[in-house]
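S.K.: Below are the structure tokens for one structure; questions will follow.
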Amino acid sequence: MSVTADDDFTLYIDGKQVLNQPQRTDSWRTAHTADVTDPVRAAGGQVVVAVLATNRGAAPNPAGLLLRLKVDTSTGLRELVSGPGWRAAAAEESGWQRPEHDDSGWSAATAIGPYGTDPWGKGATVATPELPAPLLRKEFSFRRPVARARLYISGLAYYDAEINGRRVGRQVLDPGFTDYDETVLYTVHDVTEHVERGVNAIGVTLGRGFYGMTTPNVWNWHTPPWHGEPRLLAQLEIDHPDGSRTTIVSGPDWRITEGPTLSNSLYAGETYDARRAPRGWTHPGFDDKSWRAAPLQSAPKGTVRVQPHDPIEIIETVRPTAVTELRPGVHIVDMGRTLAGWTRLTVTAEAGTTVRLVHGEKLKADGSVHAETGHVPGRFQADEYICAGSGEEVWEPKFSYKGFRYVEVSGLPRRPEPAEVLGRVVHTKVEEVSDFHCSEPFYEQLDHAMRRTLLNNLHGIPTDTPMYEKNGWTGDAQLGAPVMAYAFGVHRFLSKWLGDLADSQLADGHLPVIVPSSGWGYHQLGPSPEWTTVYPFLVREMYRVYGDERVAQEHWPTLTLYLDWELSRLRDGLAVTALGDFLPPGSDGLPPEDTRLTATAYLYRALLHTAEMGEVLGEGATAKRYRAAAADLKSAFNAAFLDTKAGHYRTAKDPEYRQTSNAIPLAFGLVPDSARASVAASLVADVVARDNHLNTGALGTSVLLRALSAEGSPEVAHAIATQRSYPSWGYWFDQGADTMWEMWQLDSRSRDHYFHGTVVQWLHENVAGLRPGDAGWRTFTVRPDSRTGVDWARTSIRTVRGRAAVAWSRSDDRLRLHVEVPVGADAEVHVPAPSRSAATAPRGARYLRSEPGHVVYQVPHGQWDFTSRPGR
């Protein structure tokens, strides 16, 4: 039987309950399949199916039912489907589930239409039974000594390998996620210490990841073109001192069986039955006669390449700060912080005891963990461990990670101790390369929260949220990349994801809004240039931060194909988008204004960035063409949106003044000189009129404070940054936040979402005053122009050329500024001072010019100390 209902149902056969779909809006999108042979057989010659279906939407809204029952009999196939012939009642009656109940007073059920009828469409998915994670093993022997041994391995989607009972490597959730029709990654491990002369054994467990996902979801990760059951490609090479080599290759001489991991899903979680775990199966001498020969599988279409980026690892173990009882047998574990990873469980219980761990970032009103989403109907972020009953048992998942702070634990024989439910922090292992400190504690709190949020979203790709989606949203990465590259060493990480962007490109140049993609995101919430111009933006940033022009050379053909595609679809000289300034206050998604404004601005910036890289690469003709296209966009942009009489930007759809519509043109250099002062003044006026609150979505938030500081209003930027009431960062933190949230409101879906945390770029570049210039920090700028409310600030970063640093402090009317410049670099230092006479520069500093509020010097490698009297 396969059945679903709008929104949930309980189904009976012969009066006995056989199926239930829990209460959840739109859960009809996931159909349930069950073997009902026994209840049908028990019913005898007449089978009565009774269903209680409930619609959770606003009334009036009748319930809907979609059902198919197939019964194989000795005389042939019999089939029952929902439709004409069914009877319905609006309310339950006593005994209505029983076959003898008199339903003659019920009305005929209305057949709305065949499957696929609007407005529901063909959105229901029948979940197929998931096979347990396979175990593969191979015994081998050799007599010669070992000089070195290397394991080359790609397990899709994930592998966990052991040789002679010892785990291979520290990595988890490996190899990295890609579009498997284009690229398949493998990793190399030094296993010299794992093998020895004589008999050896290698064992590999395979997980599903996105490659073999069976959990239905709105992004169609369960049905991509490259979907398949887990598979393994492995080669173990053992070199001997005499120059010979022993090679072990995965193939049909390996043995395979179903393992104790009954199910594993990046969204739903894992179920592990410890009673099924074969003891010693990765050691030599294990009896695998009951196992079968491993069948050969077809290879994915993608090119096999060595993994270029840093692995995902277990970075830290967190001890809970509190364990409380929600109700008898159910406990809430508070990790004391928001993290991405999983729970390490220690338990002593009888065989068959099932412990359930439900993970979430927040609690419901009743104190239970919030772990549900309409995007992934059904089970979500829930692990289950079935005890072996062998004394103390320790377990943690292998093939799924969660975003969470709280864990709802049930099934334990007693209250868990904190040491028995430990949080494991899991993300791509990137090195922290910078620091930030200042006299304003809240600014340090913001910096720390943004770093934590970014790390929680690094899992082989830059994700949007580790809990709800785990998708590589391109717009999120574009907004967060400057802070990401300042805080962490992400050269290899971003290089890999740029490859994913290229792999996702269609023949005409079209890019999806999430990368990698299952095929979703090209037309769902796309095209959206504010998102997909992350491609040219990152290529430019890789040169700016790391001096890596090879990235631009490698991606030049696909990069220009993308930009030419964007230019080909302009309408009236403007770019069009499906998104815009996403999630401003009071919105659950799209902004109210004409989104062509932000789309055109982002395409304009992308063209200039690519023209700059074209000049570096010697692609002068393309650079000239893109500069001309950018100039045309600028003209069309100002003709369409700049209201010269009002002195600011607006669109015909605006319900009120829009801060983003003015902050982005200021930040991107789109405002004519004649209008710059009025546009800046209008922005300040609106912020002040809102009692120093922002009114921006993700795009506007990323530039708002920097634009205000650049236009001479740092005190307004400071007022926004330190605001404590809604909408603001302070509002989040007064509600207990330790990471950045997705939405400004208290009921924000995700509480681990970095695209609204870009205030931290302003802290680094304007409060501390250190800004990357170009060519791998060959040039950079020091300009602490947002000092309102701060007495001192300092920051440093390990660049590809060495340490760059800024530290400033003020006492009374004097300011001291210390600058450190690495070898091979020059810094342009903007000393806060009203005139040259108010600034003192060290010998060797070359005076360049004076600007309003700053005196500008140039200094080469070395440490430099300036003083000034900046005034108020």
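A note on labels: chains of the structure tokens are A, B, ... as shown, every chain counts residues from 1, and ligands are counted from 1 in their shown order.
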As a VMD selection string, please: every residue in segment 452-501 of chain A that a backbone DSSP assignment puts in helix (DSSP H, G or I).
M.R.: chain A and resid 452 to 456 474 to 487 491 to 501
S.K.: Would you put the residues from that selection into a file with C-alpha atoms, as an mmCIF file, in the first residue's frame?
M.R.:
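Saved as result10.cif:
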data_model
loop_
_atom_site.group_PDB
_atom_site.id
_atom_site.type_symbol
_atom_site.label_atom_id
_atom_site.label_comp_id
_atom_site.auth_asym_id
_atom_site.auth_seq_id
_atom_site.Cartn_x
_atom_site.Cartn_y
_atom_site.Cartn_z
ATOM 1 C CA ARG A 452 31.512 30.435 14.778
ATOM 2 C CA THR A 453 28.659 30.749 12.279
ATOM 3 C CA LEU A 454 31.008 30.553 9.319
ATOM 4 C CA LEU A 455 32.776 27.474 10.662
ATOM 5 C CA ASN A 456 29.441 25.773 11.323
ATOM 6 C CA THR A 474 25.642 31.242 -3.941
ATOM 7 C CA GLY A 475 24.351 34.537 -2.556
ATOM 8 C CA ASP A 476 25.231 33.603 1.006
ATOM 9 C CA ALA A 477 28.783 32.793 -0.058
ATOM 10 C CA GLN A 478 29.126 36.061 -1.972
ATOM 11 C CA LEU A 479 28.113 38.100 1.064
ATOM 12 C CA GLY A 480 30.170 36.111 3.561
ATOM 13 C CA ALA A 481 33.328 35.550 1.518
ATOM 14 C CA PRO A 482 35.201 38.723 2.601
ATOM 15 C CA VAL A 483 34.864 37.853 6.307
ATOM 16 C CA MET A 484 35.503 34.178 5.562
ATOM 17 C CA ALA A 485 38.765 34.971 3.779
ATOM 18 C CA TYR A 486 39.814 37.427 6.489
ATOM 19 C CA ALA A 487 39.092 35.091 9.376
ATOM 20 C CA HIS A 491 42.244 29.272 -0.421
ATOM 21 C CA ARG A 492 41.895 25.521 -1.020
ATOM 22 C CA PHE A 493 38.305 25.460 0.210
ATOM 23 C CA LEU A 494 37.101 28.213 -2.128
ATOM 24 C CA SER A 495 39.178 26.887 -5.030
ATOM 25 C CA LYS A 496 37.303 23.594 -4.745
ATOM 26 C CA TRP A 497 33.915 25.311 -4.647
ATOM 27 C CA LEU A 498 34.805 27.432 -7.670
ATOM 28 C CA GLY A 499 35.248 24.111 -9.451
ATOM 29 C CA ASP A 500 31.748 23.165 -8.318
ATOM 30 C CA LEU A 501 30.452 26.418 -9.796
#
S.K.: With a distance cut-off of 7 Å and only C-alpha atoms, select the neighbouring residues of Ala599 of chain A, excluding the residue or stretch itself and same-chain residues fewer than 4 positions from it, and output the selection as a list of chain:residue names.
M.R.: A:Pro529, A:Glu530, A:Ala575, A:Val576, A:Thr577, A:Gly580, A:Thr595, A:Leu603
S.K.: For those residues, write C-alpha atoms to a file as a PDB file, in the first residue's frame.
M.R.:
ATOM      1  CA  PRO A 529      22.464  37.596 -10.494  1.00  0.00           C
ATOM      2  CA  GLU A 530      22.861  38.903  -6.925  1.00  0.00           C
ATOM      3  CA  ALA A 575      19.200  42.824 -15.121  1.00  0.00           C
ATOM      4  CA  VAL A 576      16.281  40.790 -13.774  1.00  0.00           C
ATOM      5  CA  THR A 577      16.193  38.487 -10.777  1.00  0.00           C
ATOM      6  CA  GLY A 580      16.600  40.622  -4.546  1.00  0.00           C
ATOM      7  CA  THR A 595      14.464  43.851  -7.561  1.00  0.00           C
ATOM      8  CA  LEU A 603      25.957  42.557 -12.424  1.00  0.00           C
TER       9      LEU A 603
END
S.K.: Neighbouring residues of His609 of chain A were defined as those with any atom within 12 Å, considering only C-alpha atoms; residues of the same chain fewer than 4 positions away were excluded. Please report them as a PyMOL selection string.
M.R.: chain A and resi 533-544+552+559-560+563+602-605+613-616+623+626-627+630+668+774
S.K.: Could you please take those selected residues and save N, CA and C atoms as a PDB file, in the first residue's frame?
M.R.:
ATOM      1  N   THR A 533      26.453  35.963  -9.301  1.00  0.00           N
ATOM      2  CA  THR A 533      27.681  36.730  -9.544  1.00  0.00           C
ATOM      3  C   THR A 533      28.733  36.445  -8.476  1.00  0.00           C
ATOM      4  N   VAL A 534      28.433  35.523  -7.573  1.00  0.00           N
ATOM      5  CA  VAL A 534      29.484  35.025  -6.685  1.00  0.00           C
ATOM      6  C   VAL A 534      30.645  34.461  -7.494  1.00  0.00           C
ATOM      7  N   TYR A 535      30.375  33.969  -8.687  1.00  0.00           N
ATOM      8  CA  TYR A 535      31.436  33.380  -9.510  1.00  0.00           C
ATOM      9  C   TYR A 535      32.514  34.419  -9.839  1.00  0.00           C
ATOM     10  N   PRO A 536      32.182  35.523 -10.523  1.00  0.00           N
ATOM     11  CA  PRO A 536      33.221  36.535 -10.754  1.00  0.00           C
ATOM     12  C   PRO A 536      33.731  37.171  -9.467  1.00  0.00           C
ATOM     13  N   PHE A 537      32.876  37.296  -8.463  1.00  0.00           N
ATOM     14  CA  PHE A 537      33.316  37.903  -7.212  1.00  0.00           C
ATOM     15  C   PHE A 537      34.419  37.076  -6.555  1.00  0.00           C
ATOM     16  N   LEU A 538      34.236  35.767  -6.480  1.00  0.00           N
ATOM     17  CA  LEU A 538      35.242  34.921  -5.840  1.00  0.00           C
ATOM     18  C   LEU A 538      36.530  34.845  -6.656  1.00  0.00           C
ATOM     19  N   VAL A 539      36.406  34.815  -7.968  1.00  0.00           N
ATOM     20  CA  VAL A 539      37.616  34.825  -8.794  1.00  0.00           C
ATOM     21  C   VAL A 539      38.429  36.081  -8.498  1.00  0.00           C
ATOM     22  N   ARG A 540      37.739  37.214  -8.364  1.00  0.00           N
ATOM     23  CA  ARG A 540      38.424  38.468  -8.053  1.00  0.00           C
ATOM     24  C   ARG A 540      39.017  38.428  -6.649  1.00  0.00           C
ATOM     25  N   GLU A 541      38.260  37.887  -5.671  1.00  0.00           N
ATOM     26  CA  GLU A 541      38.743  37.823  -4.298  1.00  0.00           C
ATOM     27  C   GLU A 541      39.952  36.904  -4.164  1.00  0.00           C
ATOM     28  N   MET A 542      39.997  35.833  -4.942  1.00  0.00           N
ATOM     29  CA  MET A 542      41.134  34.916  -4.863  1.00  0.00           C
ATOM     30  C   MET A 542      42.427  35.617  -5.286  1.00  0.00           C
ATOM     31  N   TYR A 543      42.313  36.539  -6.213  1.00  0.00           N
ATOM     32  CA  TYR A 543      43.492  37.310  -6.604  1.00  0.00           C
ATOM     33  C   TYR A 543      43.772  38.411  -5.583  1.00  0.00           C
ATOM     34  N   ARG A 544      42.731  39.054  -5.105  1.00  0.00           N
ATOM     35  CA  ARG A 544      42.907  40.140  -4.143  1.00  0.00           C
ATOM     36  C   ARG A 544      43.567  39.626  -2.852  1.00  0.00           C
ATOM     37  N   ALA A 552      41.829  32.657 -12.049  1.00  0.00           N
ATOM     38  CA  ALA A 552      41.186  33.400 -13.129  1.00  0.00           C
ATOM     39  C   ALA A 552      41.498  32.774 -14.484  1.00  0.00           C
ATOM     40  N   LEU A 559      33.746  31.635 -16.851  1.00  0.00           N
ATOM     41  CA  LEU A 559      33.366  32.898 -16.226  1.00  0.00           C
ATOM     42  C   LEU A 559      32.788  33.870 -17.254  1.00  0.00           C
ATOM     43  N   THR A 560      33.460  34.018 -18.372  1.00  0.00           N
ATOM     44  CA  THR A 560      32.970  34.941 -19.402  1.00  0.00           C
ATOM     45  C   THR A 560      31.706  34.411 -20.067  1.00  0.00           C
ATOM     46  N   LEU A 563      28.933  35.541 -17.742  1.00  0.00           N
ATOM     47  CA  LEU A 563      28.609  36.969 -17.826  1.00  0.00           C
ATOM     48  C   LEU A 563      27.950  37.315 -19.161  1.00  0.00           C
ATOM     49  N   TYR A 602      24.568  44.362  -8.899  1.00  0.00           N
ATOM     50  CA  TYR A 602      25.509  43.246  -8.731  1.00  0.00           C
ATOM     51  C   TYR A 602      26.135  42.826 -10.055  1.00  0.00           C
ATOM     52  N   LEU A 603      25.373  42.876 -11.127  1.00  0.00           N
ATOM     53  CA  LEU A 603      25.957  42.557 -12.424  1.00  0.00           C
ATOM     54  C   LEU A 603      26.974  43.621 -12.822  1.00  0.00           C
ATOM     55  N   TYR A 604      26.679  44.872 -12.537  1.00  0.00           N
ATOM     56  CA  TYR A 604      27.622  45.969 -12.799  1.00  0.00           C
ATOM     57  C   TYR A 604      28.955  45.711 -12.091  1.00  0.00           C
ATOM     58  N   ARG A 605      28.893  45.408 -10.814  1.00  0.00           N
ATOM     59  CA  ARG A 605      30.127  45.146 -10.070  1.00  0.00           C
ATOM     60  C   ARG A 605      30.860  43.936 -10.630  1.00  0.00           C
ATOM     61  N   MET A 613      40.323  41.574 -13.779  1.00  0.00           N
ATOM     62  CA  MET A 613      41.076  40.334 -13.919  1.00  0.00           C
ATOM     63  C   MET A 613      41.497  40.109 -15.365  1.00  0.00           C
ATOM     64  N   GLY A 614      40.665  40.546 -16.303  1.00  0.00           N
ATOM     65  CA  GLY A 614      41.051  40.443 -17.707  1.00  0.00           C
ATOM     66  C   GLY A 614      42.305  41.239 -18.007  1.00  0.00           C
ATOM     67  N   GLU A 615      42.435  42.385 -17.382  1.00  0.00           N
ATOM     68  CA  GLU A 615      43.645  43.201 -17.568  1.00  0.00           C
ATOM     69  C   GLU A 615      44.860  42.530 -16.941  1.00  0.00           C
ATOM     70  N   VAL A 616      44.667  41.828 -15.841  1.00  0.00           N
ATOM     71  CA  VAL A 616      45.774  41.082 -15.234  1.00  0.00           C
ATOM     72  C   VAL A 616      46.219  39.948 -16.146  1.00  0.00           C
ATOM     73  N   ALA A 623      38.155  42.741 -21.417  1.00  0.00           N
ATOM     74  CA  ALA A 623      38.068  43.721 -20.344  1.00  0.00           C
ATOM     75  C   ALA A 623      37.426  45.016 -20.843  1.00  0.00           C
ATOM     76  N   TYR A 626      33.679  44.509 -21.292  1.00  0.00           N
ATOM     77  CA  TYR A 626      32.932  44.464 -20.037  1.00  0.00           C
ATOM     78  C   TYR A 626      32.854  45.835 -19.377  1.00  0.00           C
ATOM     79  N   ARG A 627      33.893  46.636 -19.526  1.00  0.00           N
ATOM     80  CA  ARG A 627      33.816  47.999 -18.983  1.00  0.00           C
ATOM     81  C   ARG A 627      32.754  48.810 -19.728  1.00  0.00           C
ATOM     82  N   ALA A 630      29.406  47.640 -18.498  1.00  0.00           N
ATOM     83  CA  ALA A 630      29.154  48.172 -17.165  1.00  0.00           C
ATOM     84  C   ALA A 630      28.717  49.632 -17.243  1.00  0.00           C
ATOM     85  N   PHE A 668      28.744  50.508  -4.404  1.00  0.00           N
ATOM     86  CA  PHE A 668      29.216  49.932  -5.665  1.00  0.00           C
ATOM     87  C   PHE A 668      29.681  50.995  -6.666  1.00  0.00           C
ATOM     88  N   ASP A 774      45.141  44.482  -3.026  1.00  0.00           N
ATOM     89  CA  ASP A 774      45.118  43.672  -4.241  1.00  0.00           C
ATOM     90  C   ASP A 774      46.364  42.808  -4.327  1.00  0.00           C
TER      91      ASP A 774
END
S.K.: Please identify which residues in segment 242-392 of chain A DSSP calls strand (DSSP E or B) from the backbone, and express them as JSON, numbers by chain.
M.R.: {"A": [245, 246, 247, 248, 249, 255, 256, 257, 258, 261, 262, 263, 264, 265, 269, 270, 271, 272, 273, 292, 293, 303, 304, 305, 306, 312, 313, 314, 315, 316, 317, 318, 322, 323, 324, 325, 326, 327, 330, 331, 332, 333, 334, 335, 336, 337, 338, 339, 340, 341, 342, 343, 344, 345, 346, 347, 348, 354, 355, 356, 357, 358, 359, 360, 363, 369, 382, 383, 384, 385, 386, 392]}
S.K.: Pick from A:Ala274, A:Val513, A:Ala721, A:Val330: nearest to Val394 of chain A, with only C-alpha atoms counted?
M.R.: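 Ranking A:Ala274, A:Val513, A:Ala721, A:Val330 by distance to Val394 of chain A, first place goes to A:Ala274.
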S.K.: Give me, please, the distance in Å between atom CA of Gln171 of chain A and atom CA of Arg137 of chain A, quoted to one decimal.
M.R.: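 It comes out at 19.8 Å.
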S.K.: I need the residue nearest Tyr468 of chain A from this list: A:Pro665, A:Gly360, A:Gly802, A:Gly844. Use only C-alpha atoms for the distance.
M.R.: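 Using only C-alpha atoms, the shortest distance to Tyr468 of chain A belongs to A:Gly360.
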S.K.: Looking at only C-alpha atoms, which of A:Arg749, A:Lys429, A:Arg144, A:His693 is the one that sits closest to Asp588 of chain A?
M.R.: A:Arg749
S.K.: Can you pull out the residues contacting Gly64 of chain A? Cut-off 7 Å, using only C-alpha atoms, and skip same-chain residues under 3 positions away; I want them as a compact mmCIF listing (two decimals) with C-alpha atoms, in the first residue's frame.
M.R.:
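Written file, around-v1.txt:
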# COMPACT_ATOMS: atom_id res chain seq x y z
CA ALA A 5 -3.07 12.74 2.75
CA ASP A 6 -3.31 16.51 2.92
CA ALA A 53 -7.37 12.51 7.09
